[in-house]
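Content type CSV, N, CA and C atoms, from the file model_19.csv:
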```csv
chain,number,residue,atom,x,y,z
A,280,MET,N,-20.4,-31.9,-28.6
A,280,MET,CA,-20.9,-33.2,-29.1
A,280,MET,C,-21.3,-33.0,-30.6
A,281,SER,N,-21.1,-34.1,-31.3
A,281,SER,CA,-21.5,-34.0,-32.7
A,281,SER,C,-23.0,-34.1,-33.0
A,282,GLU,N,-23.4,-33.7,-34.1
A,282,GLU,CA,-24.8,-33.8,-34.5
A,282,GLU,C,-25.3,-35.2,-34.4
A,283,ARG,N,-24.5,-36.2,-34.9
A,283,ARG,CA,-25.0,-37.6,-34.9
A,283,ARG,C,-25.1,-38.1,-33.5
A,284,TYR,N,-24.2,-37.7,-32.6
A,284,TYR,CA,-24.3,-38.1,-31.2
A,284,TYR,C,-25.6,-37.6,-30.6
A,285,GLN,N,-25.9,-36.4,-30.9
A,285,GLN,CA,-27.2,-35.8,-30.4
A,285,GLN,C,-28.4,-36.5,-31.0
A,286,GLN,N,-28.3,-36.9,-32.3
A,286,GLN,CA,-29.4,-37.6,-32.9
A,286,GLN,C,-29.6,-39.0,-32.3
A,287,LEU,N,-28.5,-39.7,-32.1
A,287,LEU,CA,-28.6,-41.0,-31.4
A,287,LEU,C,-29.1,-41.0,-30.0
A,288,ALA,N,-28.7,-40.0,-29.3
A,288,ALA,CA,-29.1,-39.8,-27.9
A,288,ALA,C,-30.6,-39.5,-27.9
A,289,LYS,N,-31.1,-38.7,-28.8
A,289,LYS,CA,-32.6,-38.4,-28.8
A,289,LYS,C,-33.4,-39.6,-29.3
A,290,LEU,N,-32.9,-40.4,-30.2
A,290,LEU,CA,-33.5,-41.6,-30.7
A,290,LEU,C,-33.6,-42.6,-29.5
A,291,GLU,N,-32.6,-42.7,-28.7
A,291,GLU,CA,-32.6,-43.6,-27.5
A,291,GLU,C,-33.7,-43.1,-26.5
A,292,GLN,N,-33.7,-41.8,-26.2
A,292,GLN,CA,-34.7,-41.3,-25.3
A,292,GLN,C,-36.1,-41.5,-25.8
A,293,ASP,N,-36.3,-41.2,-27.1
A,293,ASP,CA,-37.7,-41.3,-27.6
A,293,ASP,C,-38.1,-42.8,-27.7
A,294,PHE,N,-37.2,-43.7,-27.9
A,294,PHE,CA,-37.5,-45.1,-28.0
A,294,PHE,C,-37.9,-45.6,-26.6
A,295,LEU,N,-37.2,-45.2,-25.5
A,295,LEU,CA,-37.5,-45.5,-24.2
A,295,LEU,C,-38.9,-44.9,-23.8
A,296,ALA,N,-39.2,-43.7,-24.3
A,296,ALA,CA,-40.4,-43.1,-23.9
A,296,ALA,C,-41.6,-43.9,-24.5
A,297,VAL,N,-41.5,-44.4,-25.7
A,297,VAL,CA,-42.6,-45.2,-26.3
A,297,VAL,C,-42.8,-46.5,-25.5
A,298,PHE,N,-41.7,-47.1,-25.1
A,298,PHE,CA,-41.8,-48.3,-24.2
A,298,PHE,C,-42.5,-48.0,-23.0
A,299,ASN,N,-42.1,-46.9,-22.3
A,299,ASN,CA,-42.8,-46.6,-21.0
A,299,ASN,C,-44.2,-46.1,-21.2
A,300,ALA,N,-44.6,-45.8,-22.4
A,300,ALA,CA,-46.0,-45.5,-22.7
A,300,ALA,C,-46.8,-46.7,-23.1
A,301,ALA,N,-46.1,-47.9,-23.2
A,301,ALA,CA,-46.7,-49.1,-23.6
A,301,ALA,C,-47.3,-49.0,-25.0
A,302,ASP,N,-46.6,-48.2,-25.9
A,302,ASP,CA,-47.1,-47.9,-27.2
A,302,ASP,C,-46.5,-48.8,-28.3
A,303,VAL,N,-47.1,-49.9,-28.5
A,303,VAL,CA,-46.5,-50.9,-29.4
A,303,VAL,C,-46.3,-50.3,-30.8
A,304,ASP,N,-47.4,-49.6,-31.3
A,304,ASP,CA,-47.2,-48.9,-32.6
A,304,ASP,C,-46.1,-48.0,-32.7
A,305,GLY,N,-45.9,-47.2,-31.6
A,305,GLY,CA,-44.8,-46.3,-31.5
A,305,GLY,C,-43.4,-47.0,-31.5
A,306,ILE,N,-43.4,-48.1,-30.8
A,306,ILE,CA,-42.1,-48.9,-30.7
A,306,ILE,C,-41.8,-49.4,-32.1
A,307,MET,N,-42.8,-49.9,-32.8
A,307,MET,CA,-42.6,-50.6,-34.1
A,307,MET,C,-42.1,-49.5,-35.2
A,308,ARG,N,-42.5,-48.3,-35.0
A,308,ARG,CA,-42.0,-47.2,-36.0
A,308,ARG,C,-40.5,-47.0,-35.9
A,309,PHE,N,-39.9,-47.5,-34.9
A,309,PHE,CA,-38.4,-47.3,-34.7
A,309,PHE,C,-37.7,-48.4,-35.5
A,310,PHE,N,-38.3,-49.5,-35.9
A,310,PHE,CA,-37.6,-50.6,-36.5
A,310,PHE,C,-37.6,-50.5,-38.0
A,311,SER,N,-36.5,-50.9,-38.6
A,311,SER,CA,-36.4,-51.0,-40.1
A,311,SER,C,-37.2,-52.3,-40.5
A,312,ASP,N,-37.5,-52.3,-41.8
A,312,ASP,CA,-38.2,-53.5,-42.4
A,312,ASP,C,-37.5,-54.8,-42.2
A,313,ASP,N,-36.1,-54.7,-42.1
A,313,ASP,CA,-35.3,-55.9,-42.0
A,313,ASP,C,-34.8,-56.2,-40.6
A,314,ALA,N,-35.4,-55.6,-39.6
A,314,ALA,CA,-34.9,-55.6,-38.3
A,314,ALA,C,-34.9,-57.0,-37.7
A,315,VAL,N,-33.9,-57.2,-36.8
A,315,VAL,CA,-33.8,-58.4,-36.0
A,315,VAL,C,-33.8,-58.1,-34.5
A,316,TYR,N,-34.5,-58.9,-33.7
A,316,TYR,CA,-34.6,-58.6,-32.3
A,316,TYR,C,-34.2,-59.8,-31.5
A,317,GLY,N,-33.1,-59.7,-30.8
A,317,GLY,CA,-32.6,-60.8,-29.9
A,317,GLY,C,-33.2,-60.6,-28.5
A,318,GLU,N,-34.1,-61.4,-28.1
A,318,GLU,CA,-34.8,-61.2,-26.8
A,318,GLU,C,-33.9,-61.6,-25.6
A,319,VAL,N,-34.3,-61.2,-24.4
A,319,VAL,CA,-33.5,-61.4,-23.2
A,319,VAL,C,-33.3,-62.9,-22.9
A,320,HIS,N,-34.3,-63.8,-23.3
A,320,HIS,CA,-34.2,-65.2,-23.1
A,320,HIS,C,-33.6,-66.0,-24.2
A,321,GLY,N,-33.1,-65.3,-25.2
A,321,GLY,CA,-32.3,-65.9,-26.3
A,321,GLY,C,-33.0,-66.1,-27.6
A,322,LYS,N,-34.3,-66.0,-27.6
A,322,LYS,CA,-35.1,-66.1,-28.9
A,322,LYS,C,-34.7,-64.9,-29.8
A,323,VAL,N,-34.6,-65.2,-31.1
A,323,VAL,CA,-34.3,-64.2,-32.1
A,323,VAL,C,-35.5,-64.1,-33.0
A,324,ARG,N,-36.0,-62.8,-33.1
A,324,ARG,CA,-37.2,-62.5,-33.9
A,324,ARG,C,-36.7,-61.8,-35.2
A,325,GLY,N,-37.0,-62.4,-36.3
A,325,GLY,CA,-36.4,-61.9,-37.6
A,325,GLY,C,-37.4,-61.2,-38.5
A,326,ASP,N,-38.6,-61.0,-38.1
A,326,ASP,CA,-39.5,-60.2,-38.9
A,326,ASP,C,-40.4,-59.3,-38.0
A,327,LEU,N,-40.9,-58.3,-38.7
A,327,LEU,CA,-41.6,-57.3,-37.9
A,327,LEU,C,-42.8,-57.8,-37.2
A,328,GLY,N,-43.5,-58.8,-37.8
A,328,GLY,CA,-44.7,-59.4,-37.2
A,328,GLY,C,-44.3,-60.1,-35.9
A,329,ALA,N,-43.3,-60.8,-35.9
A,329,ALA,CA,-42.8,-61.6,-34.7
A,329,ALA,C,-42.3,-60.6,-33.6
A,330,ILE,N,-41.6,-59.5,-34.0
A,330,ILE,CA,-41.2,-58.5,-33.1
A,330,ILE,C,-42.4,-57.9,-32.4
A,331,ARG,N,-43.4,-57.5,-33.2
A,331,ARG,CA,-44.6,-56.9,-32.6
A,331,ARG,C,-45.2,-57.8,-31.6
A,332,LYS,N,-45.4,-59.1,-31.9
A,332,LYS,CA,-46.0,-60.0,-31.0
A,332,LYS,C,-45.3,-60.1,-29.7
A,333,SER,N,-44.0,-60.0,-29.8
A,333,SER,CA,-43.2,-60.1,-28.5
A,333,SER,C,-43.5,-58.9,-27.6
A,334,PHE,N,-43.6,-57.7,-28.2
A,334,PHE,CA,-43.9,-56.5,-27.4
A,334,PHE,C,-45.3,-56.5,-27.0
A,335,GLU,N,-46.2,-57.0,-27.8
A,335,GLU,CA,-47.6,-57.0,-27.4
A,335,GLU,C,-47.8,-57.9,-26.2
A,336,LYS,N,-47.0,-59.0,-26.1
A,336,LYS,CA,-47.1,-59.9,-24.9
A,336,LYS,C,-46.6,-59.1,-23.7
A,337,LEU,N,-45.5,-58.4,-23.9
A,337,LEU,CA,-44.9,-57.7,-22.7
A,337,LEU,C,-45.9,-56.7,-22.2
A,338,PHE,N,-46.7,-56.0,-23.0
A,338,PHE,CA,-47.6,-55.0,-22.6
A,338,PHE,C,-49.1,-55.5,-22.5
A,339,SER,N,-49.3,-56.8,-22.5
A,339,SER,CA,-50.6,-57.4,-22.5
A,339,SER,C,-51.4,-57.2,-21.2
A,340,GLY,N,-50.6,-56.8,-20.1
A,340,GLY,CA,-51.2,-56.7,-18.8
A,340,GLY,C,-50.9,-57.8,-17.9
A,341,GLN,N,-50.4,-58.9,-18.4
A,341,GLN,CA,-50.0,-60.1,-17.6
A,341,GLN,C,-48.8,-59.8,-16.6
A,342,PHE,N,-48.1,-58.7,-17.0
A,342,PHE,CA,-46.9,-58.3,-16.1
A,342,PHE,C,-47.2,-57.0,-15.3
A,343,GLY,N,-48.5,-56.6,-15.3
A,343,GLY,CA,-48.8,-55.4,-14.6
A,343,GLY,C,-48.3,-54.2,-15.4
A,344,GLU,N,-48.0,-53.1,-14.6
A,344,GLU,CA,-47.4,-52.0,-15.3
A,344,GLU,C,-46.0,-52.2,-15.5
A,345,VAL,N,-45.5,-52.0,-16.7
A,345,VAL,CA,-44.1,-52.2,-17.1
A,345,VAL,C,-43.5,-50.9,-17.3
A,346,TYR,N,-42.3,-50.7,-16.6
A,346,TYR,CA,-41.6,-49.5,-16.7
A,346,TYR,C,-40.1,-49.7,-16.8
A,347,PHE,N,-39.4,-49.1,-17.7
A,347,PHE,CA,-38.0,-49.2,-17.9
A,347,PHE,C,-37.4,-47.9,-17.3
A,348,GLU,N,-36.6,-48.1,-16.3
A,348,GLU,CA,-35.9,-47.0,-15.6
A,348,GLU,C,-34.5,-46.8,-16.2
A,349,PRO,N,-34.2,-45.7,-16.9
A,349,PRO,CA,-32.9,-45.6,-17.5
A,349,PRO,C,-31.8,-45.5,-16.5
A,350,VAL,N,-30.7,-46.1,-16.8
A,350,VAL,CA,-29.5,-46.1,-15.9
A,350,VAL,C,-28.3,-45.4,-16.5
A,351,ASP,N,-28.0,-45.8,-17.7
A,351,ASP,CA,-26.8,-45.3,-18.4
A,351,ASP,C,-26.8,-45.6,-19.9
A,352,SER,N,-26.0,-44.9,-20.6
A,352,SER,CA,-25.9,-45.2,-22.1
A,352,SER,C,-24.5,-44.9,-22.6
A,353,PHE,N,-24.1,-45.6,-23.6
A,353,PHE,CA,-22.9,-45.3,-24.3
A,353,PHE,C,-23.3,-45.2,-25.8
A,354,ILE,N,-22.7,-44.2,-26.5
A,354,ILE,CA,-23.1,-44.0,-27.9
A,354,ILE,C,-21.8,-44.0,-28.7
A,355,ASP,N,-21.8,-44.9,-29.7
A,355,ASP,CA,-20.6,-45.0,-30.6
A,355,ASP,C,-21.1,-44.5,-32.0
A,356,ILE,N,-20.7,-43.2,-32.3
A,356,ILE,CA,-21.2,-42.6,-33.5
A,356,ILE,C,-20.6,-43.2,-34.8
A,357,GLU,N,-19.4,-43.8,-34.7
A,357,GLU,CA,-18.7,-44.4,-35.9
A,357,GLU,C,-19.5,-45.6,-36.3
A,358,SER,N,-20.0,-46.4,-35.4
A,358,SER,CA,-20.7,-47.6,-35.8
A,358,SER,C,-22.3,-47.5,-35.6
A,359,ASP,N,-22.8,-46.3,-35.3
A,359,ASP,CA,-24.2,-46.0,-35.1
A,359,ASP,C,-24.8,-47.0,-34.1
A,360,LYS,N,-24.2,-47.2,-33.0
A,360,LYS,CA,-24.7,-48.1,-31.9
A,360,LYS,C,-24.9,-47.4,-30.6
A,361,VAL,N,-25.9,-47.8,-29.9
A,361,VAL,CA,-26.2,-47.3,-28.6
A,361,VAL,C,-26.3,-48.5,-27.6
A,362,MET,N,-25.6,-48.4,-26.5
A,362,MET,CA,-25.9,-49.3,-25.4
A,362,MET,C,-26.7,-48.6,-24.3
A,363,SER,N,-27.8,-49.1,-24.1
A,363,SER,CA,-28.7,-48.4,-23.1
A,363,SER,C,-29.0,-49.4,-22.0
A,364,SER,N,-28.5,-49.1,-20.8
A,364,SER,CA,-28.8,-49.9,-19.6
A,364,SER,C,-30.0,-49.4,-18.9
A,365,TRP,N,-30.7,-50.3,-18.2
A,365,TRP,CA,-32.0,-50.0,-17.6
A,365,TRP,C,-32.3,-50.9,-16.4
A,366,VAL,N,-33.3,-50.6,-15.6
A,366,VAL,CA,-33.9,-51.5,-14.7
A,366,VAL,C,-35.4,-51.6,-15.1
A,367,LEU,N,-35.8,-52.8,-15.4
A,367,LEU,CA,-37.2,-53.1,-15.8
A,367,LEU,C,-38.0,-53.4,-14.6
A,368,HIS,N,-39.1,-52.7,-14.3
A,368,HIS,CA,-40.0,-52.9,-13.2
A,368,HIS,C,-41.3,-53.5,-13.8
A,369,LEU,N,-41.7,-54.6,-13.2
A,369,LEU,CA,-42.9,-55.3,-13.6
A,369,LEU,C,-43.4,-56.2,-12.5
A,370,HIS,N,-44.5,-57.0,-12.8
A,370,HIS,CA,-45.0,-57.9,-11.8
A,370,HIS,C,-44.9,-59.4,-12.3
A,371,LEU,N,-44.4,-60.3,-11.5
A,371,LEU,CA,-44.4,-61.7,-11.8
A,371,LEU,C,-45.0,-62.4,-10.6
A,372,ASP,N,-46.0,-63.3,-11.0
A,372,ASP,CA,-46.7,-64.0,-10.0
A,372,ASP,C,-47.3,-63.1,-8.9
A,373,GLY,N,-47.8,-61.9,-9.3
A,373,GLY,CA,-48.4,-61.0,-8.3
A,373,GLY,C,-47.4,-60.2,-7.5
A,374,LYS,N,-46.1,-60.3,-7.7
A,374,LYS,CA,-45.1,-59.6,-6.9
A,374,LYS,C,-44.3,-58.6,-7.8
A,375,LYS,N,-44.0,-57.5,-7.2
A,375,LYS,CA,-43.2,-56.5,-7.9
A,375,LYS,C,-41.8,-57.0,-8.0
A,376,VAL,N,-41.2,-57.0,-9.2
A,376,VAL,CA,-39.8,-57.4,-9.4
A,376,VAL,C,-39.1,-56.4,-10.3
A,377,ALA,N,-37.8,-56.5,-10.3
A,377,ALA,CA,-37.0,-55.7,-11.1
A,377,ALA,C,-35.9,-56.5,-11.8
A,378,LEU,N,-35.6,-56.2,-13.0
A,378,LEU,CA,-34.6,-56.9,-13.8
A,378,LEU,C,-33.6,-55.8,-14.3
A,379,GLU,N,-32.3,-56.0,-14.0
A,379,GLU,CA,-31.3,-55.1,-14.6
A,379,GLU,C,-30.9,-55.7,-15.9
A,380,GLY,N,-30.8,-54.8,-16.9
A,380,GLY,CA,-30.5,-55.2,-18.2
A,380,GLY,C,-30.0,-54.1,-19.1
A,381,LEU,N,-29.8,-54.5,-20.4
A,381,LEU,CA,-29.3,-53.5,-21.3
A,381,LEU,C,-29.8,-53.9,-22.7
A,382,ASP,N,-29.8,-52.9,-23.6
A,382,ASP,CA,-30.1,-53.1,-25.0
A,382,ASP,C,-28.9,-52.6,-25.8
A,383,LEU,N,-28.5,-53.4,-26.8
A,383,LEU,CA,-27.6,-52.9,-27.8
A,383,LEU,C,-28.5,-52.5,-29.0
A,384,LEU,N,-28.5,-51.3,-29.4
A,384,LEU,CA,-29.3,-50.8,-30.5
A,384,LEU,C,-28.4,-50.4,-31.7
A,385,TYR,N,-28.6,-51.0,-32.8
A,385,TYR,CA,-27.9,-50.8,-34.0
A,385,TYR,C,-28.7,-50.0,-34.9
A,386,PHE,N,-28.3,-48.8,-35.3
A,386,PHE,CA,-29.1,-47.9,-36.1
A,386,PHE,C,-28.6,-47.8,-37.6
A,387,ARG,N,-29.5,-47.6,-38.4
A,387,ARG,CA,-29.2,-47.2,-39.8
A,387,ARG,C,-30.1,-46.0,-40.1
A,388,GLY,N,-29.5,-44.8,-40.1
A,388,GLY,CA,-30.3,-43.6,-40.1
A,388,GLY,C,-31.0,-43.4,-38.8
A,389,ASP,N,-32.4,-43.3,-38.9
A,389,ASP,CA,-33.2,-43.2,-37.6
A,389,ASP,C,-33.9,-44.5,-37.3
A,390,LYS,N,-33.5,-45.6,-37.9
A,390,LYS,CA,-34.2,-46.9,-37.7
A,390,LYS,C,-33.3,-47.9,-37.0
A,391,ILE,N,-33.8,-48.7,-36.2
A,391,ILE,CA,-33.1,-49.8,-35.5
A,391,ILE,C,-33.2,-51.0,-36.4
A,392,TYR,N,-32.0,-51.5,-36.8
A,392,TYR,CA,-32.1,-52.7,-37.6
A,392,TYR,C,-31.7,-54.0,-36.8
A,393,ARG,N,-31.2,-53.7,-35.6
A,393,ARG,CA,-30.8,-54.8,-34.8
A,393,ARG,C,-30.9,-54.4,-33.3
A,394,LYS,N,-31.7,-55.1,-32.5
A,394,LYS,CA,-31.8,-54.8,-31.1
A,394,LYS,C,-31.5,-56.1,-30.3
A,395,LEU,N,-30.5,-56.1,-29.5
A,395,LEU,CA,-30.1,-57.2,-28.7
A,395,LEU,C,-30.3,-56.9,-27.2
A,396,THR,N,-31.1,-57.7,-26.5
A,396,THR,CA,-31.4,-57.4,-25.1
A,396,THR,C,-30.7,-58.4,-24.2
A,397,TYR,N,-30.1,-57.9,-23.1
A,397,TYR,CA,-29.5,-58.8,-22.2
A,397,TYR,C,-29.9,-58.4,-20.8
A,398,GLY,N,-30.0,-59.4,-19.9
A,398,GLY,CA,-30.4,-59.2,-18.5
A,398,GLY,C,-29.5,-59.9,-17.5
A,399,LYS,N,-29.4,-59.4,-16.3
A,399,LYS,CA,-28.7,-60.1,-15.3
A,399,LYS,C,-29.6,-61.2,-14.8
A,400,ALA,N,-29.0,-62.4,-14.5
A,400,ALA,CA,-29.8,-63.5,-14.1
A,400,ALA,C,-29.0,-64.3,-13.1
A,401,GLN,N,-29.7,-65.0,-12.2
A,401,GLN,CA,-29.0,-65.9,-11.3
A,401,GLN,C,-28.4,-67.1,-12.0
A,402,THR,N,-29.1,-67.6,-13.0
A,402,THR,CA,-28.6,-68.7,-13.8
A,402,THR,C,-28.3,-68.2,-15.2
A,403,PRO,N,-27.1,-68.3,-15.7
A,403,PRO,CA,-26.8,-67.8,-17.1
A,403,PRO,C,-27.5,-68.6,-18.1
A,404,LEU,N,-27.7,-68.0,-19.3
A,404,LEU,CA,-28.3,-68.7,-20.4
A,404,LEU,C,-27.2,-69.3,-21.3
A,405,TYR,N,-27.0,-70.6,-21.3
A,405,TYR,CA,-26.0,-71.2,-22.1
A,405,TYR,C,-26.6,-71.6,-23.4
A,406,LEU,N,-25.8,-71.3,-24.5
A,406,LEU,CA,-26.3,-71.6,-25.8
A,406,LEU,C,-25.5,-72.8,-26.3
A,407,ALA,N,-26.2,-73.7,-27.0
A,407,ALA,CA,-25.5,-74.8,-27.6
A,407,ALA,C,-24.5,-74.3,-28.7
A,408,GLU,N,-23.4,-75.0,-28.8
A,408,GLU,CA,-22.4,-74.6,-29.9
A,408,GLU,C,-22.6,-75.4,-31.1
```
For the file at hand, write its structure as structure tokens.
Amino acid sequence: MSERYQQLAKLEQDFLAVFNAADVDGIMRFFSDDAVYGEVHGKVRGDLGAIRKSFEKLFSGQFGEVYFEPVDSFIDIESDKVMSSWVLHLHLDGKKVALEGLDLLYFRGDKIYRKLTYGKAQTPLYLAE
């Protein structure tokens, strides 16, 4: 494996670790100043303050303990992209639930400049053209 492959694999593991520690400051250290975050429900956050607020809400306690269980990943070293699939465990309306999903992580060096999140749903999210 190439050095860049190993670097991207470690960045993905470390990024998941700060999520599972509910460490918003740690999460934010991974993002570049010009980062964009496309959330699972379709909202796009284009500045660090808005990205932080999104993660603060996730870890506010309203969803109980939040845990991302890693499933698989694909790393493309030519384009500095990582696809990381996971199962998100949390509480909704007092019940334990799980959401299967994935992140597309676009890296520039050791920073994420674009994070797109997708999840499996009973009803697809249709976007207006």
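Of the residues under consideration (A:Leu287, A:Val303, A:Ala377, A:Leu371), A:Leu287 shows the shortest atom-to-atom contact distance to Ile356 in chain A when counting only C-alpha atoms.
Between atom C of Phe294 in chain A and atom C of Leu395 in chain A the separation is 13.6 Å.
With all atoms listed in the file as the basis for measurement, A:Tyr385 is the residue among A:Tyr385, A:Gln292, A:Asp312, A:Ser339 that approaches Ser358 in chain A most closely.
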Take the point (-36.9, -58.1, -31.9) as written in the file and pick out every residue within 7 Å of it, counting only N, CA and C atoms; give the list as a list of chain:residue names. A:Ala314, A:Val315, A:Tyr316, A:Gly317, A:Glu318, A:Val323, A:Arg324, A:Gly325, A:Ala329, A:Ile330, A:Arg331, A:Lys394
By how many Å are atom C of Tyr346 in chain A and atom C of Ser281 in chain A apart? 28.3 Å
Taking only chain A into account, list the residues labelled alpha helix (DSSP H) by DSSP (computed from the backbone), as an MDAnalysis selection string. chainID A and resid 282:299 303:307 327:337
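Here CA of Lys332 in chain A stands at a distance of 18.9 Å from CA of Leu367 in chain A.
Distances to Phe338 in chain A were evaluated for A:Met307, A:Gly373, A:Ala301, A:Asp359 using all atoms listed in the file, and the minimum falls at A:Ala301.
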Need the shell around His368 in chain A: protein/DNA/RNA residues with any atom at most 7 Å away, counting all atoms listed in the file. Skip same-chain ones fewer than 6 positions apart. Format as a ChimeraX atom specification? /A:344-348,375-378
Measuring atom to atom with all atoms listed in the file, identify which of A:Gln285, A:Asn299, A:Ile354, A:Phe342 is nearest to His370 in chain A. A:Phe342
Sel. of strand (DSSP E or B) residues, chain A, as a count of residues only: 55
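With distances restricted to only C-alpha atoms, A:Phe386 is the closest residue to Gln286 in chain A from A:Phe386, A:Trp365, A:Phe334, A:Phe310.
Closest approach to Phe309 in chain A from the set A:Ile391, A:Ala400, A:Ala407, A:Leu327 is made by A:Ile391, with distances taken over all atoms listed in the file.
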Contacts of Ser364 in chain A at 6 Å or less, counting only C-alpha atoms, minus same-chain residues fewer than 3 places along, as a compact mmCIF listing (two decimals) with N, CA and C atoms, in the frame of the given file?
```
# COMPACT_ATOMS: atom_id res chain seq x y z
N VAL A 350 -30.70 -46.10 -16.80
CA VAL A 350 -29.50 -46.10 -15.90
C VAL A 350 -28.30 -45.40 -16.50
N ASP A 351 -28.00 -45.80 -17.70
CA ASP A 351 -26.80 -45.30 -18.40
C ASP A 351 -26.80 -45.60 -19.90
N GLY A 380 -30.80 -54.80 -16.90
CA GLY A 380 -30.50 -55.20 -18.20
C GLY A 380 -30.00 -54.10 -19.10
N LEU A 381 -29.80 -54.50 -20.40
CA LEU A 381 -29.30 -53.50 -21.30
C LEU A 381 -29.80 -53.90 -22.70
```
Would you mind putting back N, CA, C and O atoms on range 319-330 of chain A, then writing it out as a compact mmCIF listing (two decimals), in the frame of the given file?
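Output file rebuild_38.txt follows:
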```txt
# COMPACT_ATOMS: atom_id res chain seq x y z
N VAL A 319 -34.30 -61.20 -24.40
CA VAL A 319 -33.50 -61.40 -23.20
C VAL A 319 -33.30 -62.90 -22.90
O VAL A 319 -32.32 -63.36 -22.37
N HIS A 320 -34.30 -63.80 -23.30
CA HIS A 320 -34.20 -65.20 -23.10
C HIS A 320 -33.60 -66.00 -24.20
O HIS A 320 -33.57 -67.20 -24.21
N GLY A 321 -33.10 -65.30 -25.20
CA GLY A 321 -32.30 -65.90 -26.30
C GLY A 321 -33.00 -66.10 -27.60
O GLY A 321 -32.37 -66.39 -28.60
N LYS A 322 -34.30 -66.00 -27.60
CA LYS A 322 -35.10 -66.10 -28.90
C LYS A 322 -34.70 -64.90 -29.80
O LYS A 322 -34.57 -63.81 -29.35
N VAL A 323 -34.60 -65.20 -31.10
CA VAL A 323 -34.30 -64.20 -32.10
C VAL A 323 -35.50 -64.10 -33.00
O VAL A 323 -36.02 -65.05 -33.54
N ARG A 324 -36.00 -62.80 -33.10
CA ARG A 324 -37.20 -62.50 -33.90
C ARG A 324 -36.70 -61.80 -35.20
O ARG A 324 -36.01 -60.81 -35.08
N GLY A 325 -37.00 -62.40 -36.30
CA GLY A 325 -36.40 -61.90 -37.60
C GLY A 325 -37.40 -61.20 -38.50
O GLY A 325 -37.02 -61.00 -39.68
N ASP A 326 -38.60 -61.00 -38.10
CA ASP A 326 -39.50 -60.20 -38.90
C ASP A 326 -40.40 -59.30 -38.00
O ASP A 326 -40.52 -59.57 -36.85
N LEU A 327 -40.90 -58.30 -38.70
CA LEU A 327 -41.60 -57.30 -37.90
C LEU A 327 -42.80 -57.80 -37.20
O LEU A 327 -43.17 -57.42 -36.05
N GLY A 328 -43.50 -58.80 -37.80
CA GLY A 328 -44.70 -59.40 -37.20
C GLY A 328 -44.30 -60.10 -35.90
O GLY A 328 -45.04 -59.96 -34.84
N ALA A 329 -43.30 -60.80 -35.90
CA ALA A 329 -42.80 -61.60 -34.70
C ALA A 329 -42.30 -60.60 -33.60
O ALA A 329 -42.53 -60.80 -32.42
N ILE A 330 -41.60 -59.50 -34.00
CA ILE A 330 -41.20 -58.50 -33.10
C ILE A 330 -42.40 -57.90 -32.40
O ILE A 330 -42.41 -57.71 -31.19
```
